[in-house]
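Source file: upload.pdb. Holds: PDB, C-alpha atoms and all ligand atoms.
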```pdb
MODEL        1
ATOM      1  CA  MET A   1     -37.001 -45.912 -40.596
ATOM      2  CA  GLN A   2     -37.248 -48.837 -38.219
ATOM      3  CA  PRO A   3     -39.213 -48.098 -35.057
ATOM      4  CA  LEU A   4     -36.935 -47.865 -32.063
ATOM      5  CA  SER A   5     -37.511 -50.221 -29.217
ATOM      6  CA  LEU A   6     -37.144 -48.990 -25.666
ATOM      7  CA  ASP A   7     -33.524 -49.292 -24.688
ATOM      8  CA  LYS A   8     -32.091 -50.461 -21.425
ATOM      9  CA  PRO A   9     -29.512 -48.231 -19.739
ATOM     10  CA  ALA A  10     -26.206 -48.581 -21.487
ATOM     11  CA  ALA A  11     -23.753 -46.322 -23.200
ATOM     12  CA  ARG A  12     -25.788 -46.418 -26.432
ATOM     13  CA  THR A  13     -24.218 -44.092 -28.942
ATOM     14  CA  GLN A  14     -24.562 -43.089 -32.530
ATOM     15  CA  ASP A  15     -20.816 -43.021 -33.078
ATOM     16  CA  PRO A  16     -18.819 -45.072 -30.598
ATOM     17  CA  ALA A  17     -15.775 -42.951 -31.305
ATOM     18  CA  ARG A  18     -17.539 -39.764 -30.313
ATOM     19  CA  PRO A  19     -20.712 -40.491 -28.377
ATOM     20  CA  ALA A  20     -23.238 -37.672 -28.167
ATOM     21  CA  PHE A  21     -25.017 -39.130 -25.163
ATOM     22  CA  ALA A  22     -24.891 -41.851 -22.546
ATOM     23  CA  HIS A  23     -27.748 -43.609 -20.791
ATOM     24  CA  LEU A  24     -26.371 -44.439 -17.354
ATOM     25  CA  ASP A  25     -27.635 -47.200 -15.132
ATOM     26  CA  ALA A  26     -28.889 -46.135 -11.695
ATOM     27  CA  ALA A  27     -25.964 -48.057 -10.186
ATOM     28  CA  LEU A  28     -23.509 -45.261 -11.045
ATOM     29  CA  LEU A  29     -25.065 -42.592  -8.825
ATOM     30  CA  THR A  30     -26.345 -45.106  -6.280
ATOM     31  CA  ALA A  31     -22.755 -46.295  -5.717
ATOM     32  CA  ALA A  32     -21.413 -42.745  -5.535
ATOM     33  CA  LEU A  33     -24.075 -41.798  -2.965
ATOM     34  CA  ALA A  34     -23.587 -44.972  -0.898
ATOM     35  CA  ARG A  35     -20.705 -43.202   0.850
ATOM     36  CA  LEU A  36     -23.135 -40.654   2.345
ATOM     37  CA  PRO A  37     -25.571 -41.202   5.225
ATOM     38  CA  THR A  38     -28.832 -42.707   3.980
ATOM     39  CA  ALA A  39     -30.802 -40.032   5.844
ATOM     40  CA  GLU A  40     -28.973 -37.290   3.940
ATOM     41  CA  VAL A  41     -29.884 -38.838   0.596
ATOM     42  CA  ALA A  42     -33.512 -39.256   1.727
ATOM     43  CA  GLU A  43     -33.605 -35.620   2.848
ATOM     44  CA  PHE A  44     -32.310 -34.577  -0.580
ATOM     45  CA  THR A  45     -34.921 -36.547  -2.548
ATOM     46  CA  GLY A  46     -37.593 -35.463  -0.043
ATOM     47  CA  SER A  47     -36.964 -31.841  -0.999
ATOM     48  CA  TRP A  48     -38.986 -32.491  -4.178
ATOM     49  CA  ASP A  49     -42.041 -32.478  -1.863
ATOM     50  CA  ARG A  50     -41.335 -28.795  -1.151
ATOM     51  CA  LEU A  51     -41.127 -27.358  -4.674
ATOM     52  CA  PRO A  52     -43.279 -24.290  -5.377
ATOM     53  CA  ALA A  53     -45.515 -24.169  -8.463
ATOM     54  CA  ASP A  54     -43.909 -23.002 -11.714
ATOM     55  CA  ALA A  55     -45.488 -19.545 -12.031
ATOM     56  CA  HIS A  56     -44.619 -19.334 -15.731
ATOM     57  CA  LEU A  57     -47.086 -21.960 -16.896
ATOM     58  CA  ASP A  58     -50.257 -20.679 -18.525
ATOM     59  CA  THR A  59     -52.583 -23.185 -16.945
ATOM     60  CA  ALA A  60     -55.381 -22.723 -14.444
ATOM     61  CA  ARG A  61     -53.956 -25.437 -12.241
ATOM     62  CA  PRO A  62     -50.193 -25.890 -11.963
ATOM     63  CA  TYR A  63     -48.869 -29.275 -13.058
ATOM     64  CA  ARG A  64     -45.188 -28.381 -12.781
ATOM     65  CA  PHE A  65     -43.281 -27.469  -9.620
ATOM     66  CA  ARG A  66     -39.656 -26.394  -9.610
ATOM     67  CA  ARG A  67     -36.582 -24.709  -8.188
ATOM     68  CA  TYR A  68     -33.422 -23.536  -9.930
ATOM     69  CA  SER A  69     -29.962 -22.441  -8.801
ATOM     70  CA  GLY A  70     -26.630 -21.913 -10.554
ATOM     71  CA  PHE A  71     -23.241 -23.100  -9.294
ATOM     72  CA  ARG A  72     -19.577 -22.681 -10.108
ATOM     73  CA  ILE A  73     -17.984 -26.120 -10.166
ATOM     74  CA  ARG A  74     -14.909 -26.166  -7.917
ATOM     75  CA  PRO A  75     -12.662 -29.158  -7.224
ATOM     76  CA  GLY A  76     -14.682 -31.495  -5.006
ATOM     77  CA  ARG A  77     -17.398 -28.970  -4.258
ATOM     78  CA  LEU A  78     -19.906 -26.481  -5.709
ATOM     79  CA  GLU A  79     -20.063 -22.751  -5.125
ATOM     80  CA  LEU A  80     -23.572 -21.290  -5.179
ATOM     81  CA  LEU A  81     -23.869 -18.372  -7.622
ATOM     82  CA  PRO A  82     -26.058 -15.326  -6.920
ATOM     83  CA  HIS A  83     -29.670 -16.145  -7.712
ATOM     84  CA  ARG A  84     -30.794 -14.927 -11.104
ATOM     85  CA  PRO A  85     -33.592 -15.590 -13.574
ATOM     86  CA  PHE A  86     -33.319 -18.503 -15.965
ATOM     87  CA  PHE A  87     -33.203 -17.323 -19.583
ATOM     88  CA  GLN A  88     -33.322 -19.143 -22.904
ATOM     89  CA  ASP A  89     -33.280 -17.554 -26.355
ATOM     90  CA  ARG A  90     -36.542 -17.644 -28.244
ATOM     91  CA  ASP A  91     -34.938 -19.715 -31.001
ATOM     92  CA  ILE A  92     -33.974 -22.305 -28.371
ATOM     93  CA  ASN A  93     -37.296 -22.402 -26.528
ATOM     94  CA  ARG A  94     -40.239 -21.338 -28.675
ATOM     95  CA  VAL A  95     -42.690 -21.600 -25.767
ATOM     96  CA  TYR A  96     -40.831 -19.891 -22.931
ATOM     97  CA  GLY A  97     -37.774 -18.393 -24.675
ATOM     98  CA  GLY A  98     -37.025 -14.666 -24.774
ATOM     99  CA  VAL A  99     -38.227 -13.969 -21.249
ATOM    100  CA  ASP A 100     -36.561 -14.151 -17.867
ATOM    101  CA  ARG A 101     -38.134 -16.854 -15.764
ATOM    102  CA  LEU A 102     -37.510 -16.385 -12.074
ATOM    103  CA  PHE A 103     -37.786 -19.689 -10.244
ATOM    104  CA  ALA A 104     -37.406 -20.190  -6.514
ATOM    105  CA  PRO A 105     -33.819 -21.089  -5.586
ATOM    106  CA  LEU A 106     -32.841 -24.471  -4.236
ATOM    107  CA  GLU A 107     -33.238 -24.707  -0.479
ATOM    108  CA  GLU A 108     -30.004 -24.039   1.399
ATOM    109  CA  ARG A 109     -29.569 -27.601   2.608
ATOM    110  CA  THR A 110     -30.214 -28.978  -0.888
ATOM    111  CA  ALA A 111     -27.788 -26.558  -2.519
ATOM    112  CA  GLY A 112     -25.086 -26.898   0.107
ATOM    113  CA  GLY A 113     -25.307 -30.606   0.861
ATOM    114  CA  ALA A 114     -22.949 -33.379  -0.145
ATOM    115  CA  VAL A 115     -25.607 -35.200  -2.201
ATOM    116  CA  LEU A 116     -25.848 -32.532  -4.906
ATOM    117  CA  HIS A 117     -22.095 -32.032  -4.954
ATOM    118  CA  THR A 118     -21.529 -35.793  -5.344
ATOM    119  CA  VAL A 119     -24.073 -36.099  -8.159
ATOM    120  CA  VAL A 120     -22.684 -33.137 -10.114
ATOM    121  CA  HIS A 121     -19.063 -34.236  -9.799
ATOM    122  CA  THR A 122     -19.902 -37.843 -10.679
ATOM    123  CA  LEU A 123     -21.789 -36.787 -13.810
ATOM    124  CA  LEU A 124     -19.103 -34.272 -14.749
ATOM    125  CA  GLY A 125     -16.838 -37.275 -15.117
ATOM    126  CA  ARG A 126     -19.284 -38.930 -17.527
ATOM    127  CA  LEU A 127     -20.019 -36.086 -19.939
ATOM    128  CA  PRO A 128     -20.156 -37.319 -23.544
ATOM    129  CA  GLY A 129     -17.365 -35.062 -24.806
ATOM    130  CA  PRO A 130     -14.555 -32.749 -23.708
ATOM    131  CA  ARG A 131     -14.877 -31.184 -20.258
ATOM    132  CA  SER A 132     -12.434 -28.340 -20.832
ATOM    133  CA  GLY A 133     -13.965 -24.969 -19.974
ATOM    134  CA  ILE A 134     -17.066 -26.514 -18.378
ATOM    135  CA  ASP A 135     -16.955 -24.885 -14.956
ATOM    136  CA  THR A 136     -20.577 -23.908 -14.298
ATOM    137  CA  CYS A 137     -23.873 -25.727 -13.909
ATOM    138  CA  GLY A 138     -27.532 -24.924 -13.489
ATOM    139  CA  VAL A 139     -29.558 -27.309 -11.339
ATOM    140  CA  HIS A 140     -33.310 -27.675 -11.888
ATOM    141  CA  GLN A 141     -35.483 -29.605  -9.467
ATOM    142  CA  ILE A 142     -38.724 -30.370 -11.300
ATOM    143  CA  ARG A 143     -41.876 -32.240 -10.345
ATOM    144  CA  VAL A 144     -44.563 -32.921 -12.957
ATOM    145  CA  VAL A 145     -47.957 -34.030 -11.676
ATOM    146  CA  ALA A 146     -50.611 -35.627 -13.853
ATOM    147  CA  THR A 147     -54.191 -36.322 -12.925
ATOM    148  CA  THR A 148     -56.947 -38.169 -14.732
ATOM    149  CA  ASP A 149     -58.274 -34.701 -15.684
ATOM    150  CA  ALA A 150     -55.013 -33.194 -16.902
ATOM    151  CA  GLU A 151     -51.813 -34.708 -18.208
ATOM    152  CA  GLY A 152     -48.466 -33.201 -17.246
ATOM    153  CA  HIS A 153     -45.950 -31.935 -19.778
ATOM    154  CA  PRO A 154     -42.285 -32.321 -18.870
ATOM    155  CA  ALA A 155     -41.303 -30.514 -22.094
ATOM    156  CA  PRO A 156     -44.142 -28.322 -23.405
ATOM    157  CA  GLU A 157     -41.770 -26.999 -26.089
ATOM    158  CA  GLY A 158     -41.684 -30.418 -27.822
ATOM    159  CA  VAL A 159     -38.487 -31.762 -29.384
ATOM    160  CA  HIS A 160     -35.807 -29.237 -28.506
ATOM    161  CA  GLN A 161     -32.322 -28.297 -27.387
ATOM    162  CA  ASP A 162     -31.747 -26.502 -24.077
ATOM    163  CA  GLY A 163     -29.007 -24.117 -25.273
ATOM    164  CA  HIS A 164     -26.237 -25.489 -23.044
ATOM    165  CA  SER A 165     -23.106 -27.550 -23.625
ATOM    166  CA  TYR A 166     -24.199 -30.713 -21.846
ATOM    167  CA  VAL A 167     -27.376 -31.654 -19.988
ATOM    168  CA  ALA A 168     -27.899 -34.431 -17.448
ATOM    169  CA  GLN A 169     -31.435 -35.756 -16.903
ATOM    170  CA  VAL A 170     -31.586 -37.604 -13.593
ATOM    171  CA  LEU A 171     -34.703 -39.488 -12.505
ATOM    172  CA  ILE A 172     -35.409 -38.882  -8.819
ATOM    173  CA  GLY A 173     -38.736 -40.665  -8.644
ATOM    174  CA  ARG A 174     -41.663 -41.910 -10.669
ATOM    175  CA  GLN A 175     -44.874 -42.860  -8.949
ATOM    176  CA  ASP A 176     -48.056 -44.127 -10.646
ATOM    177  CA  VAL A 177     -46.908 -42.703 -13.953
ATOM    178  CA  ARG A 178     -47.657 -43.845 -17.474
ATOM    179  CA  GLY A 179     -45.756 -42.196 -20.334
ATOM    180  CA  ALA A 180     -42.864 -39.785 -19.896
ATOM    181  CA  GLU A 181     -40.813 -41.590 -22.477
ATOM    182  CA  SER A 182     -37.581 -39.801 -23.406
ATOM    183  CA  THR A 183     -36.268 -39.715 -26.960
ATOM    184  CA  LEU A 184     -33.011 -38.304 -28.284
ATOM    185  CA  TYR A 185     -32.701 -37.196 -31.904
ATOM    186  CA  ASP A 186     -29.857 -36.216 -34.190
ATOM    187  CA  LEU A 187     -29.805 -32.690 -35.573
ATOM    188  CA  ARG A 188     -31.940 -33.808 -38.538
ATOM    189  CA  ARG A 189     -34.565 -35.005 -36.025
ATOM    190  CA  SER A 190     -34.051 -38.689 -36.679
ATOM    191  CA  PRO A 191     -34.547 -40.659 -33.434
ATOM    192  CA  LEU A 192     -31.323 -42.039 -31.937
ATOM    193  CA  HIS A 193     -32.381 -43.439 -28.586
ATOM    194  CA  ARG A 194     -35.663 -44.006 -26.797
ATOM    195  CA  ALA A 195     -35.756 -44.657 -23.071
ATOM    196  CA  LEU A 196     -38.129 -44.915 -20.159
ATOM    197  CA  LEU A 197     -36.348 -43.795 -17.003
ATOM    198  CA  THR A 198     -37.738 -46.007 -14.251
ATOM    199  CA  GLU A 199     -35.057 -46.459 -11.587
ATOM    200  CA  PRO A 200     -34.274 -43.587  -9.210
ATOM    201  CA  TRP A 201     -30.846 -42.136 -10.185
ATOM    202  CA  GLU A 202     -31.061 -43.553 -13.718
ATOM    203  CA  THR A 203     -29.620 -40.805 -15.928
ATOM    204  CA  ILE A 204     -29.220 -39.625 -19.486
ATOM    205  CA  VAL A 205     -26.322 -37.267 -20.179
ATOM    206  CA  LEU A 206     -26.259 -35.624 -23.578
ATOM    207  CA  ASP A 207     -24.266 -33.185 -25.644
ATOM    208  CA  ASP A 208     -26.912 -30.504 -26.142
ATOM    209  CA  ARG A 209     -25.121 -29.138 -29.210
ATOM    210  CA  ARG A 210     -25.265 -32.467 -31.035
ATOM    211  CA  VAL A 211     -28.642 -33.965 -30.097
ATOM    212  CA  LEU A 212     -32.219 -32.807 -29.545
ATOM    213  CA  HIS A 213     -34.484 -34.310 -26.928
ATOM    214  CA  GLY A 214     -38.146 -34.629 -26.082
ATOM    215  CA  VAL A 215     -40.374 -36.310 -23.510
ATOM    216  CA  THR A 216     -43.908 -37.592 -23.955
ATOM    217  CA  PRO A 217     -46.629 -36.366 -21.541
ATOM    218  CA  VAL A 218     -47.018 -37.772 -18.053
ATOM    219  CA  ARG A 219     -50.301 -39.576 -17.358
ATOM    220  CA  PRO A 220     -51.502 -41.427 -14.279
ATOM    221  CA  ALA A 221     -50.990 -45.172 -14.378
ATOM    222  CA  PRO A 222     -54.141 -47.268 -14.931
ATOM    223  CA  GLY A 223     -56.244 -47.200 -11.745
ATOM    224  CA  ALA A 224     -54.396 -44.211 -10.259
ATOM    225  CA  HIS A 225     -55.850 -40.717 -10.019
ATOM    226  CA  THR A 226     -52.505 -38.948  -9.798
ATOM    227  CA  GLY A 227     -49.040 -39.651 -11.193
ATOM    228  CA  VAL A 228     -45.892 -37.859 -10.060
ATOM    229  CA  ARG A 229     -42.518 -37.679 -11.836
ATOM    230  CA  ASP A 230     -39.537 -36.017 -10.164
ATOM    231  CA  MET A 231     -36.483 -35.061 -12.196
ATOM    232  CA  MET A 232     -33.235 -33.237 -11.615
ATOM    233  CA  LEU A 233     -31.849 -31.557 -14.707
ATOM    234  CA  ILE A 234     -28.275 -30.314 -14.635
ATOM    235  CA  ASP A 235     -27.085 -27.913 -17.345
ATOM    236  CA  PHE A 236     -23.308 -27.823 -17.818
ATOM    237  CA  PHE A 237     -21.686 -24.881 -19.599
ATOM    238  CA  PRO A 238     -18.644 -22.562 -19.563
ATOM    239  CA  GLY A 239     -18.884 -19.823 -16.929
ATOM    240  CA  GLY A 240     -18.655 -16.860 -19.297
ATOM    241  CA  GLU A 241     -21.851 -18.071 -20.989
ATOM    242  CA  GLY A 242     -23.600 -18.375 -17.635
ATOM    243  CA  GLU A 243     -22.773 -14.881 -16.471
ATOM    244  CA  GLU A 244     -25.172 -13.194 -18.866
ATOM    245  CA  GLY A 245     -27.809 -15.879 -19.114
ATOM    246  CA  GLU A 246     -28.025 -19.439 -20.208
TER     247      GLU A 246
HETATM  248 FE    FE B 301     -34.890 -29.790 -22.330
ENDMDL
END
```

Starting from the file, lay out its structure as structure tokens.
Amino acid sequence: MQPLSLDKPAARTQDPARPAFAHLDAALLTAALARLPTAEVAEFTGSWDRLPADAHLDTARPYRFRRYSGFRIRPGRLELLPHRPFFQDRDINRVYGGVDRLFAPLEERTAGGAVLHTVVHTLLGRLPGPRSGIDTCGVHQIRVVATTDAEGHPAPEGVHQDGHSYVAQVLIGRQDVRGAESTLYDLRRSPLHRALLTEPWETIVLDDRRVLHGVTPVRPAPGAHTGVRDMMLIDFFPGGEGEEGE
């Protein structure tokens, strides 16, 4: 197989008639958010500075920080669902599957603000497939920190599916980072698309039932001691599925 070169944002697809993913330029969300006060958007992205450590990592020093909340998607808004643990089957996540992982919820102003609602509704309109029945989403705020002593792992489970219908991977920020290259694969694990998300709000949306994904480790850029990568992951799925666990 030919090595894949890093692709620029574009609606790169395996089958143009039925794309399984889209790599969206930062301009899409930037334009959607331009209608909101700049300070509100800055407050939203600044909330990544207040993420607690992921208590479910088996490392002496935490390298991942996160929050998670679920929402019902209503016309033009989001309705916060009661806080519950995040669950994935063991056959979906061989590292952390089979156990409830209780993450801190999103802060009230993050969960209830117009920024999140705008991002979710904008991406809902760009899902690579039918939207019917998709009325629920899970929102993960995740920060991965790498130092010269310890790399950070955005996806310790390796190449995987998340167990949802669609997943959006939104870059919030990337500072002094080397690595963290995203790759999408078909169900036979042949690479389809390789991308380095570099621009805040640059996004990959994928049909989680039709592609697998993986991310290489985060390392500090040459000359830096610490590298930080902030992501927002949004899981889209039908509500009935979300009631019992994702
Ligand atoms: Fe994933």

*Protein and nucleic acid residues within 9 Å of ligand FE 301 (chain B) (only C-alpha atoms and all ligand atoms) as a ChimeraX atom specification*: /A:93,154-155,157-163,167,169,208,212-215,233

*How many Å separate CA of Arg229 in chain A from CA of Ala168 in chain A?*
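Going from CA of Arg229 in chain A over to CA of Ala168 in chain A covers 16.0 Å.
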
*Evaluate the PyMOL selection byres (((chain A and resi 47-61) around 8) and not hetatm) on the structure here and hand back the selected residues as a PyMOL selection string.*
chain A and resi 43-46+62-67+101+103-104+110+141-143+230

*Two-atom distance - CA of Tyr96 in chain A, CA of Tyr68 in chain A (Å)*: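 Separating CA of Tyr96 in chain A from CA of Tyr68 in chain A is a distance of 15.4 Å.
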
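Of the residues under consideration (A:Gly138, A:Pro130, A:Gly179, A:Pro222), A:Gly138 shows the shortest atom-to-atom contact distance to Pro105 in chain A when counting only C-alpha atoms.
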
*Rank nothing, just name the residue among A:His23, A:His140, A:Arg210, A:Arg219 nearest to Arg174 in chain A, using only C-alpha atoms.*
A:Arg219
